[in-house]
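Heads up: the structure comes next, in structure tokens.
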Amino acid sequence: MTQTGKRRALAMFSGGLDSMIAIKLMVDQGIEVIALHIKIGFGGTKDVSEVMKQRAEMAGAEFKIVDVREEYIQNILFDPVHGYGKNFNPCIDCHGYMFKIAKAMMPELGASFIFTGEVIGQRPMSQRHDAMKQVAKLADDKEEKLIVRPMSAKLMEETTPELEGWIDREKLLDISGRSRERQLAMAEAYGWEDYESPGGGCLLTESHYSDRIKEFISFDTFEVEDIELLKFGRHFRLPDGAKLAVGRDKEDNEGLQAIQSDKYITIKLPIGGPFSLLSADASSEDRALAAKLAITYARSSAEESYDVEVGDERVTVSPFAEKKEAQQYFFNAK
């Protein structure tokens with residue numbers, strides 16, 4: 001119990017509508033909630049932490065982020081016990097890992113149990129009865145039963161918080177399947193207008209991003225900064241093995257500029273054009289080609305030569321006469 005006399009719980013918070021409703025169901029039962037966002041880095045191209053904080057507070061919870069990107073790459077991403085989904089998503093291991101982190105944090109945060117906005121049958125890999133049992137085992141919660149799923153609780157075995165009377169099972173829900181009709185109706189009843197659109201998800205479930213990871217690890221060690229690199233730009237693999245990312249638009253340019261890493265050097269153009277990053281250990285041949293590729297996507301003329309800054313070097317190049325000549329170096333460029 002907290003100093004206010006209320007019992008506290010940790011919500012596994014994605015920022016989506018289901019997790020907001022789950023929080024509201026707990027808050028309405030007098031539970032003090034900390035909305036815990038476990039940051040693995042694959043949630044999208046924009047920093048939505050402030051938006052998530054606002055949504056958590058809208059539902060009645062305090063907001064907290066825990067950054068586990070490095071540990072996630074080392075422990076889960078490339079060696080999941082339960083394998084991958086359709087693409088590069090180790091959903092069951094990922095969920096178990098997140099719950100295990102939250103469970104370890106319960107004592108310091110004064111929490112009695114954990115809950116989530118998961119709905120049975122909503123996602124094919126991680127939100128099935130058997131998958132949820134596997135998650136509980138991975139989180140060391142098979143015996144204690146401290147994980148509650150308020151959205152589908154009436155369709156599931158009773159948990160310790162229900163059996164002990166910390167929460168009223170009759171005030172929990174029995175939602176299943178992929179339809180969001182009930183959730184949307186509840187959001188309207190609560191007067192909520194700002195919530196994540198249905199169908200949002202993890203980049204690891206997308207073939208485009210997953211293919212970039214698979215290609216990347218065949219040449220290099222995947223690290224935290226590479227999570228962001230693979231989100232933005234046209235990607236090239238140069239003849240001597242260097243990685244080149246060339247921005248396509250304002251969002252790409254800003255995303256690449258935000259990456260601070262000794263693994264990459266910048267390419268600066270003398271005219272208007274994209275921002276680019278290149279492997280810092282690129283050979284002189286790859287550096288010259290990278291400059292040529294970058295200037296090709298600028299407002300350049302094939303008849304002109306340009307002094308391009310590649311890291312701390314200056315390279316004089318002309319663009320390809322046609323962009324299709326650059327396509328031989330593309331990897332997963334869209």
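Within each chain, counting starts at residue 1; across the structure tokens, chains are named A, B, ... in the order shown, with ligands numbered 1 upward in that order.
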
Can you pull out every residue within 12 Å of region 61-67 of chain A, counting only C-alpha atoms, but drop anything in the same chain fewer than 2 positions away, and send it as an MDAnalysis selection string?
chainID A and resid 8:15 19:28 30:42 48:59 69:73 98 101:102 105 109 224

Excluding Pro80 (chain A) and its own-chain neighbours fewer than 3 positions away, which residues fall within 7 Å of it when counting only C-alpha atoms? Please give them as a PDB file with N, CA and C atoms, in the first residue's frame.
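Result file part-v4.pdb:
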```pdb
ATOM      1  N   ILE A  76      17.800 -10.446 -26.308  1.00  0.00           N
ATOM      2  CA  ILE A  76      16.544 -10.925 -26.876  1.00  0.00           C
ATOM      3  C   ILE A  76      16.526 -10.942 -28.399  1.00  0.00           C
ATOM      4  N   LEU A  77      16.901  -9.859 -29.031  1.00  0.00           N
ATOM      5  CA  LEU A  77      16.622  -9.664 -30.452  1.00  0.00           C
ATOM      6  C   LEU A  77      17.142 -10.777 -31.351  1.00  0.00           C
ATOM      7  N   GLY A  83      11.406 -18.042 -30.866  1.00  0.00           N
ATOM      8  CA  GLY A  83      11.468 -17.726 -32.281  1.00  0.00           C
ATOM      9  C   GLY A  83      10.828 -16.391 -32.649  1.00  0.00           C
ATOM     10  N   PRO A  90      10.448 -10.996 -32.172  1.00  0.00           N
ATOM     11  CA  PRO A  90      10.451 -12.072 -31.171  1.00  0.00           C
ATOM     12  C   PRO A  90       9.391 -11.806 -30.104  1.00  0.00           C
ATOM     13  N   ASP A  93       9.145 -13.717 -26.500  1.00  0.00           N
ATOM     14  CA  ASP A  93      10.318 -13.413 -25.676  1.00  0.00           C
ATOM     15  C   ASP A  93      10.348 -11.941 -25.285  1.00  0.00           C
TER      16      ASP A  93
END
```

What parts of region 71-166 of chain A does DSSP call strand (DSSP E)? I'd like the answer as a count of residues only.
6

Which one of A:Leu146, A:Ala290, A:Leu269, A:Met186 sits closest to Trp166 (chain A) if you count only C-alpha atoms?
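Of A:Leu146, A:Ala290, A:Leu269, A:Met186, the one nearest Trp166 (chain A), counting only C-alpha atoms, is A:Leu146.
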
Residue with smallest distance to Glu206 (chain A) - pool A:Asn89, A:Leu17, A:Pro150, A:Val315, counting only C-alpha atoms
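Distance minimum relative to Glu206 (chain A) lands on A:Asn89.
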